[in-house]
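Report on the following structure.
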Amino acid sequence: MLISVAHASVEVGSEVAGAPSVADAFWTNMGLIGLMFVLFYLLLIRPQQKRLKDQRAMLDDLKKGDKVVTGGGLVGSVTKVISDTEVEIDLGASKVVALRYTIQTKMDDNAKVNTPKPAVVEDKPKAKKAAPKKKAAPATKKTAVKKAPAKKTVVKKTAPKKKTAAKKKA
């Protein structure tokens with residue numbers, strides 16, 4: 001038999017020793033769900049809120065002369081704070097107006113950013129040094145490429161027709 005005698009002898013309404021009640025199972029599941037919520041808060045929600053708070057504080061403290069990096073990767077310095085939502089940024093060769101929330105970071109004076117220097121147009125070209133001449137490789141003889149002869153088509157010769165009796169009589 002598949003069912004043991006001890007399980008078979010239990011009445012429908014009575015509890016088996018050691019089996020959890022419905023209330024115990026419910027509170028165990030609620031405890032696991034609560035634990036998952038606490039872990040999500042500690043690992044995901046709280047660090048994100050801290051980053052947003054720091055970003056908001058950095059954007060509120062923007063002033064003229066701060067070096068910033070925009071969300072598009074442009075590096076420049078703030079030349080003018082237009083409003084609560086806009087700032088003017090000098091990129092070196094041009095000035096642009098950017099929304100304040102698109103600014104990703106504010107550069108410290110200690111941090112070095114590899115920014116390309118603007119091209120300087122010179123009136124007088126610099127004298128070029130003569131490059132050493134390389135010896136030319138000796139010319140190689142080019143041989144004429146011969147084409148393969150065209151393939152001849154095979155013509156089947158038909159056997160001469162037999163003279164019929166009518167032609168013999170004629």
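Every chain in the structure tokens has a letter given in the order shown (A, B, ...), and although residue numbers restart at 1 in each chain, ligands are simply numbered from 1 in the order shown.
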Subject >> Exercise: Gly65 of chain A partners within 12 Å, only C-alpha atoms, chain neighbours under 2 positions left out, as JSON, numbers by chain >> reply: {"A": [61, 62, 63, 67, 68, 76, 77, 78, 79, 80, 81, 87, 88, 89, 90, 106, 107, 108, 109]}
Original post:
Got a sec: who's within 7 Å of Ile103 of chain A, counting only C-alpha atoms, leaving out chain neighbours fewer than 3 positions off, as a ChimeraX atom specification?
Top reply: /A:68-71,100
How would the residues just picked look written out with N, CA and C atoms as a PDB file, in the first residue's frame?
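The resulting file, again_25.pdb, is reproduced below:
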```pdb
ATOM      1  N   VAL A  68      31.862  71.265 -16.482  1.00  0.00           N
ATOM      2  CA  VAL A  68      30.830  70.241 -16.435  1.00  0.00           C
ATOM      3  C   VAL A  68      30.946  69.307 -17.635  1.00  0.00           C
ATOM      4  N   VAL A  69      30.335  68.123 -17.487  1.00  0.00           N
ATOM      5  CA  VAL A  69      30.207  67.158 -18.575  1.00  0.00           C
ATOM      6  C   VAL A  69      28.720  66.931 -18.782  1.00  0.00           C
ATOM      7  N   THR A  70      28.256  67.095 -20.021  1.00  0.00           N
ATOM      8  CA  THR A  70      26.839  66.908 -20.318  1.00  0.00           C
ATOM      9  C   THR A  70      26.549  65.436 -20.574  1.00  0.00           C
ATOM     10  N   GLY A  71      25.262  65.122 -20.674  1.00  0.00           N
ATOM     11  CA  GLY A  71      24.851  63.751 -20.947  1.00  0.00           C
ATOM     12  C   GLY A  71      25.317  63.269 -22.301  1.00  0.00           C
ATOM     13  N   ARG A 100      19.498  72.108 -17.599  1.00  0.00           N
ATOM     14  CA  ARG A 100      20.282  71.828 -16.401  1.00  0.00           C
ATOM     15  C   ARG A 100      20.309  70.327 -16.079  1.00  0.00           C
TER      16      ARG A 100
END
```
